[in-house]
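What follows is a short report on a single structure.
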Amino acid sequence: TILLFGKGILTYDSTTMMLIIMIIVYRVNGAIIQGFEDDVGTKTSFYGFTTNSLKNSLIGYYQDGFDKCHGTGYICIPAETGDYVMLAAAIQSVSVPSGPDKGDRPSELFGYNTETHEFKMIHPFNMFLKSPQLEQYRDLYMPSTGALMLLIVSAYGFITENYKDFSDHYYDKVMKPLVFYANHDMEMEGHLWKQLHSQKVLWLNQRQKRT
């Protein structure tokens, strides 16, 4: 069984018993575990990332407790040339030699003593979900990090029809609404997850808001 954790709808969901039988657990973005073990478990098999999503998560979610992506393996999503450069540097245990991330030390992102077999990459041909936003934001749009990982797993914490009933992140201390940005088409992805769930292509965790 393969399970992917997103960021919302998870709080007080009591998924621990389900997690006990999971073989592979994927996480993305600000994958905070400490303090939320009953909701999201403790196991991480793979962490999926683009260089941009990882660095933004380390900055944006640091105060919430996310300071490094932890996993037994890492799955790189090649959104731009810099992702290939970062992955090559991580495998070679050297600083990034060129591009916008020049000088960055992958060890600060992935930890020390990582080995080649711990890194994998999604084939770029698998990175496209057709969206109307392609017409207006062709150079900006790409599926969300979670969406790219979701095509191979069961999904916890991904956008559902009643997303407005839940905070943006499962670890939010106060209610924060989900914000849509131009570089992703979250509503389209939500409709797709529901369709794939109904067709039994994947399993999407859905629930009603607690009263």
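Residue numbers start at 1 in each chain; chains themselves are named A, B, ... in the order of the structure tokens; ligands are numbered from 1 in the order shown.
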
- Message: For the alpha helix (DSSP H) assignment from backbone DSSP, which residues of range 23-152 of chain A qualify? Please present them as a count of residues only.
- Response: 40

For the contact check between range 25-123 of chain A and range 153-177 of chain A, emit one row per residue of range 25-123 of chain A within 12 Å, containing the shortest atom pair and the distance in Å rounded to one decimal, counting only C-alpha atoms, chain then rising number order, as CSV.
residue,atom,partner,partner_atom,distance
A:Val25,CA,A:Val153,CA,9.0
A:Tyr26,CA,A:Val153,CA,8.4
A:Arg27,CA,A:Tyr156,CA,10.0
A:Val28,CA,A:Gly157,CA,10.9
A:Asn29,CA,A:His169,CA,10.6
A:Gly30,CA,A:His169,CA,8.9
A:Ala31,CA,A:Tyr171,CA,9.7
A:Ile32,CA,A:Tyr171,CA,7.6
A:Ile33,CA,A:Tyr171,CA,9.0
A:Gln34,CA,A:Tyr171,CA,9.8
A:Gly35,CA,A:Tyr171,CA,8.6
A:Phe36,CA,A:Tyr171,CA,7.3
A:Glu37,CA,A:Tyr171,CA,10.9
A:Asp38,CA,A:Tyr170,CA,11.6
A:Asp39,CA,A:Tyr170,CA,8.4
A:Val40,CA,A:Tyr156,CA,8.7
A:Gly41,CA,A:Tyr156,CA,11.5
A:Tyr61,CA,A:Tyr171,CA,10.1
A:Gln63,CA,A:Asp172,CA,11.0
A:Asp64,CA,A:Tyr171,CA,7.6
A:Gly65,CA,A:Tyr171,CA,9.5
A:Phe66,CA,A:Tyr171,CA,10.8

Those residues with C-alpha atoms, as a CSV table (one decimal), in the first residue's frame please?
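File produced: result_38.csv:
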chain,number,residue,atom,x,y,z
A,25,VAL,CA,4.5,6.8,3.0
A,26,TYR,CA,5.2,9.8,0.8
A,27,ARG,CA,5.2,13.4,2.1
A,28,VAL,CA,5.6,16.8,0.5
A,29,ASN,CA,6.0,20.5,1.3
A,30,GLY,CA,6.0,21.4,5.1
A,31,ALA,CA,5.8,17.8,6.3
A,32,ILE,CA,5.6,18.4,10.0
A,33,ILE,CA,5.2,15.3,12.2
A,34,GLN,CA,6.1,16.3,15.8
A,35,GLY,CA,3.0,17.0,17.8
A,36,PHE,CA,0.7,15.5,15.1
A,37,GLU,CA,1.7,11.8,15.2
A,38,ASP,CA,-1.9,10.8,15.9
A,39,ASP,CA,-3.1,12.5,12.7
A,40,VAL,CA,-0.2,11.9,10.3
A,41,GLY,CA,1.9,9.0,11.8
A,61,TYR,CA,7.0,26.6,7.7
A,63,GLN,CA,8.2,28.6,12.7
A,64,ASP,CA,5.7,25.7,12.6
A,65,GLY,CA,8.5,23.2,13.1
A,66,PHE,CA,9.6,22.2,9.6

- Between A:Leu54, A:Met121, A:Met142, A:Val94, which is the closest to Leu109 in chain A once you count only C-alpha atoms? A:Leu54

- Message: If you run DSSP on the backbone here, which positions in range 51-202 of chain A get strand (DSSP E)? Please write them as a PyMOL selection string.
- Response: chain A and resi 73-76+119-121+154-156

- Tell me, in Å to one decimal, how far CA of Val96 in chain A is from CA of Gly82 in chain A. 9.2 Å

- Which of A:Tyr141, A:Tyr47, A:Lys55, A:Gln92 sits closest to Thr114 in chain A [using only C-alpha atoms]: A:Gln92

- Message: Could you check the closest approach to Ser131 in chain A for each of A:Val179, A:Ser144, A:Asp67, A:Gly73 and tell me which residue wins, using only C-alpha atoms?
- Response: A:Ser144

- Nearest to Tyr137 in chain A, restricted to only C-alpha atoms and choosing among A:Ala182, A:Ile75, A:Leu204, A:Leu87, comes out as A:Ala182

- Message: I'd like the contact shell of Ile91 in chain A - 9 Å cut-off, only C-alpha atoms, skipping same-chain residues fewer than 2 positions apart - returned as a VMD selection string.
- Response: chain A and resid 86 to 89 93 to 94 106 114 to 119

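Neighbouring residues of Thr81 in chain A at 12 Å or closer, counting only C-alpha atoms and skipping chain neighbours under 3 positions away, are Thr50, Thr51, Asn52, Cys76, Ile77, Pro78, Tyr84, Val85, Met86, Leu87, Ala88, Ser98, Gly99, Pro100, Asp101 and Pro124 of chain A.
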
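When only C-alpha atoms are used to compute distances to Leu148 in chain A, the closest of the residues A:Gly48, A:Met188, A:Ser107, A:His197 turns out to be A:Gly48.
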
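Note that the spacing between CA of Gly103 in chain A and CA of Asp83 in chain A amounts to 14.1 Å.
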